[in-house]
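Heads up: the structure comes next, in structure tokens.
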Amino acid sequence: MSTSTEFQFTDYQPYDFANRRHIGPSPDEMTEMLKVVGYPSLDALIDATVPPSIRLKTPMVWGAPMTEREALDRLRETANKNQALVSLIGQGYYGTITPPVIQRNILENPAWYTAYTPYQPEISQGRLEALLNYQTMVCDLTGLDVANASLLDEATAAAEAMAMAERVSKSKAKSFFVDAACHPQTIAVIKTRAAPLGWNVVIGNPFTDLDPVDVFGAIFQYPGTYGHLNDFSGLIARLHQTGAIAVMAADPLALLLLKSPGEMGADIAIGSTQRFGVPVGYGGPHAAYMAVKDAHKRSMPGRLVGVSVDARGNRAYRLSLQTREQHIRREKATSNICTAQVLLAVMASMYAVFHGPKGLKAIAQQVHQKAVILASGLEKLGYTVEPETFFDTITVEVGHMQGLVMRAAVAEGVNLRKVGETKVGISVDERTRPATLEAVWRAFGGNFKVTEFAPGYRLPQDLLRRSDYLTHPIFHMNRAESEMTRYIRRLSDRDLALDRAMIPLGSCTMKLNATAEMLPITWPEFSDIHPFAPAEQALGYKEMIDDLSEKLCAVTGYDAISMQPNSGAQGEYAGLLTIRNYHLARGDTHRNVCLIPTSAHGTNPASAQMAGMVVVPVKAMDNGDIDMDDFRAKAQQHSANLSCCMITYPSTHGVFEETVREVCDITHQHGGQVYLDGANMNAMVGVSRPGDIGSDVSHLNLHKTFCIPHGGGGPGMGPIGVKAHLTPYLPGHPETDGKSGAVSAAPYGSASILPISWSYCLMMGGEGLTQATKVAILNANYIAARLKGAYDVLYKSKAGRVAHECIIDTRPLNDSAGISVDDIAKRLIDCGFHAPTMSWPVAGTLMIEPTESETKAEIDRFCSAMLAIREEVRDVEEGRADKLNNPLKNAPHTVEDLVGEWDRPYTREQACFPPGAFRVDKYWSPVNRVDNVFGDRNLICTCPPVEAYAEAAE
Ligand SMILES: *Cc1c(COP(=O)(O)O)cnc(C)c1O
């Protein structure tokens, strides 16, 4: 053994140590940053920032943090407990082939999955184009005029359609008719939505049980959940006679072969685009769609991408009609939907771009062909197959042999659907192989080869599709993969996502989505499990959900978690329904008042309204805190009818309010429950727990605090935690406990992205999570300190500290130089940054949240950009720069500004390379400033016609 003194063991931790992967600043950098903030240690800063009254006394411990390898091994072990059998269950979830070019270049590509919601259109042109393709695809297939850029799932889309029907219907009726052939989960979610709003849900056979006079609208499933194909034209015409609204839930793959909802006269079509290349993933995420007649576009929920122009008159995309959204309309909003399913909508649209109309039609025909062959074999065996005509789904009468057949199928590696007590449902799909059909026959006692059957079709003649679709050139590109790869690359290059720069969005917590966390989501053991597969085939999912729930309970101080809500806003809605059901169970049917501070996120009042509550706003004081006098007075005034209060902690102003316990106490004294919006948990994990402070229920945004990427506006997960007394009132689901109250189509929401949050927790450990919170607070306070003097930080605690975000006030610059918050946001694009949250919670301000994952270097780059922008404003203030023709007003600049005439009073160098901007790796905005007003006045929400391309090219 050598005893050389030259060799020494290092105590340096290699990268694969939780605190270095997720935590931006190195220990040395933290020391420097603390100096700037003015504290000797991180703990001293935290002590000064987080009020002692809410501090967590005992640290969270749940074993040592795991390395990436250890965590992935654990995930692998867990995944192996899932059995991904071939699913022919159908019921809204179908096998599909994700084209590898889409899986690798979109689903697994941070340029796509780490992007934010496209509120800043200039840096979002790529995903906006992909979403416009999606909207065009949906409009074409449904035969309707306007489609939104996705909803959460088919069942919630159906509930949204019902609510929309009630808004636009001319009928005064208070009932909604639901086709009994709708998927059971759709019916369940519709019932949940209708109850608090006082609407009656009538379920039945539309051809015998629907009386249009009695209803404000009706929904029909096409094809029906058991495979039936009906022409609803006659019924729809009758509904229209009484002013009622017709909704169709339609399968987009079937629509390639069948007469569209629009051609039948439907007002609204909804459905899931899952089978356009998005794996079932134990229930999600996938994009639901909604399309409506032009007359109803302003009442449609969800985001709508539209076409506008930029400052040069070039075509530019943007979100249209945003005034419909909860951010502005609050309790009068059309819906609470915020995070949707953008990444999955992008995948589905690319699937259509990739295959084109001919390829899609061929896929649909092949699916139908397989179903016909399957039926023929079963008939040859003497079984009665229903219905006579069908697309992909058949139902077989098996009498007392139901269990036998289903078990035999499982033994063959195939899941079938249990229908009633004597029938079996079978849905085939793009992935169904001849061997699978033969296996199904064996389960029914037959021994055939697929080749024994002649091809044929069994679609109803009068429902065959005769209209065109996907005629736009974008769906007709050369089918070589080079083209597709480059198209995907070109679009992603137009966007600014986390893979290029920090996205300092207040309240939205755009933190690292670590690669190791992302890997498991495409493992077939997670992605290929049908949400209604037998429980014993999903033991891995159960283990993960149980352990993650336990950890989230430890984080929040709650007793139980429901994983059902698939977005933050859905979590709010689910939590408020839980409170509502608690009061109802105690006979307090009158308790329906919800106190919400005026500073709350727009989803809060929108969700409260959906839960049938009366929103009573509570004032905020000048310092942003809840006005306690007003709170006390309102609680007193509404004492008898108080259902709950809805608060956000730390507040939307980025401050740990000292009065939070008092707010909870007052609410409880008046018999109310406390809903604490947990979207800001990134400032609390390991430091303070909602359950300890006195809150009864919260949602957590796993796509903020727990590392699920934003995907450009979804997916997300918004599980709720509750105290024990609320546990009995959590959402049920028809496919698990059979209880009412489902809020999502799938029992565990978008379950297939839970491995991300789980592996984050495993790799961080309780200690690492706590450290992340502390560093998030340090980073925010560091920015506040660096920008001091240049900008005013609006809200601080008594100790002069902010929590995990800080709001800077740009209104004085508007007064002194006419520079708006918009100008600053757009100038940041020139510097290579996504703007912070703009004008929320206070108009004319920027809310900055750096998160723990940003390094000191990146934060410094951001601060130097902000400081340089302040100097540019000073140039205007002091007359050195023109008031209207300056780099701020003309931002963002594009490569177009480097060529041709230049008559501006500042240089091209100044225009394009301000401090913060990289020279070699410069991010170029693809468009100059987008004209919002033009886009809303000239609403175009599908791909513009070819001539428009020719014009733009001129
Ligand atoms: C993000 C957010 C929500 C809504 O979450 P979604 O997942 O977008 O529906 C609600 N409240 C606050 C404070 C938020 O920041």
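Chain labels A, B, ... are given in the sequence in which chains occur in the structure tokens; within each chain residues are numbered consecutively from 1, and ligands are likewise numbered from 1 in the order shown.
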
Could you please extract the residues within 7 Å of ligand 1, counting only C-alpha atoms and all ligand atoms, and hand them back as a short mmCIF file (atom, residue, chain, number, x, y, z; two decimals) with C-alpha atoms, in the first residue's frame?
```cif
data_model
loop_
_atom_site.label_atom_id
_atom_site.label_comp_id
_atom_site.auth_asym_id
_atom_site.auth_seq_id
_atom_site.Cartn_x
_atom_site.Cartn_y
_atom_site.Cartn_z
CA ILE A 337 -58.86 26.81 -16.83
CA CYS A 338 -55.31 28.13 -16.71
CA THR A 339 -52.70 25.42 -17.26
CA SER A 507 -45.85 32.67 -8.90
CA CYS A 508 -45.12 30.24 -11.71
CA SER A 567 -54.01 21.28 -12.87
CA GLY A 568 -53.75 23.85 -10.10
CA ALA A 569 -57.11 25.36 -10.93
CA GLN A 570 -58.67 21.88 -10.90
CA ALA A 600 -55.79 36.45 -5.31
CA HIS A 601 -54.89 34.64 -8.51
CA THR A 603 -58.36 31.07 -10.82
CA ASN A 604 -59.42 31.41 -7.15
CA THR A 648 -52.44 32.38 -0.88
CA THR A 652 -49.29 36.78 -4.12
CA ASP A 677 -53.56 28.15 -2.42
CA ALA A 679 -48.93 27.46 -5.74
CA ASN A 680 -46.24 29.31 -3.78
CA ASN A 701 -48.77 22.65 -8.28
CA GLY A 716 -49.64 19.96 -14.88
CA MET A 717 -50.78 18.21 -11.76
CA GLY A 718 -52.68 19.91 -8.92
#
```

Legend entry - Selection near A:Asp214, 10 Å with only C-alpha atoms, sequence-local residues under 5 positions removed, as a PyMOL selection string: chain A and resi 171-177+202+239+242+244

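Distances here use only C-alpha atoms; by that measure, the residue among A:Gly741, A:Pro755, A:Pro196, A:Pro473 closest to A:Asn513 is A:Pro755.
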
Inset, instruction - Enumerate as a ChimeraX atom specification all residues of stretch 228-413 of chain A assigned to alpha helix (DSSP H) by DSSP on the backbone, naming them with the chain letters and numbers the document uses. - result: /A:233-241,252-255,261-264,326-329,342-380,402-411

Legend entry - Residue contacts of stretch 282-298 of chain A (6 Å, only C-alpha atoms) excluding same-chain residues fewer than 2 positions away, as a PyMOL selection string: chain A and resi 144-148+150-154+267-274+280+300+341+344-345+529-531+746+750-751

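Take atom CA of A:Ala785 and atom CA of A:Val37: the distance between them is 5.8 Å.
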
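Remark: for A:Thr156, the closest of the candidate residues A:Ala340, A:Ile808, A:Ile89, A:Val305 is A:Ala340 (distances computed over only C-alpha atoms).
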
Inset, instruction - Please identify all polymer residues within 12 Å of A:Ile829, counting only C-alpha atoms, omitting same-chain residues fewer than 6 positions from it, and present them as number ranges by chain. - result: A: 120-124, 495-497, 501-503, 822-823, 835-836, 862, 865-866, 869, 887-888, 890-894, 911-918, 922-929
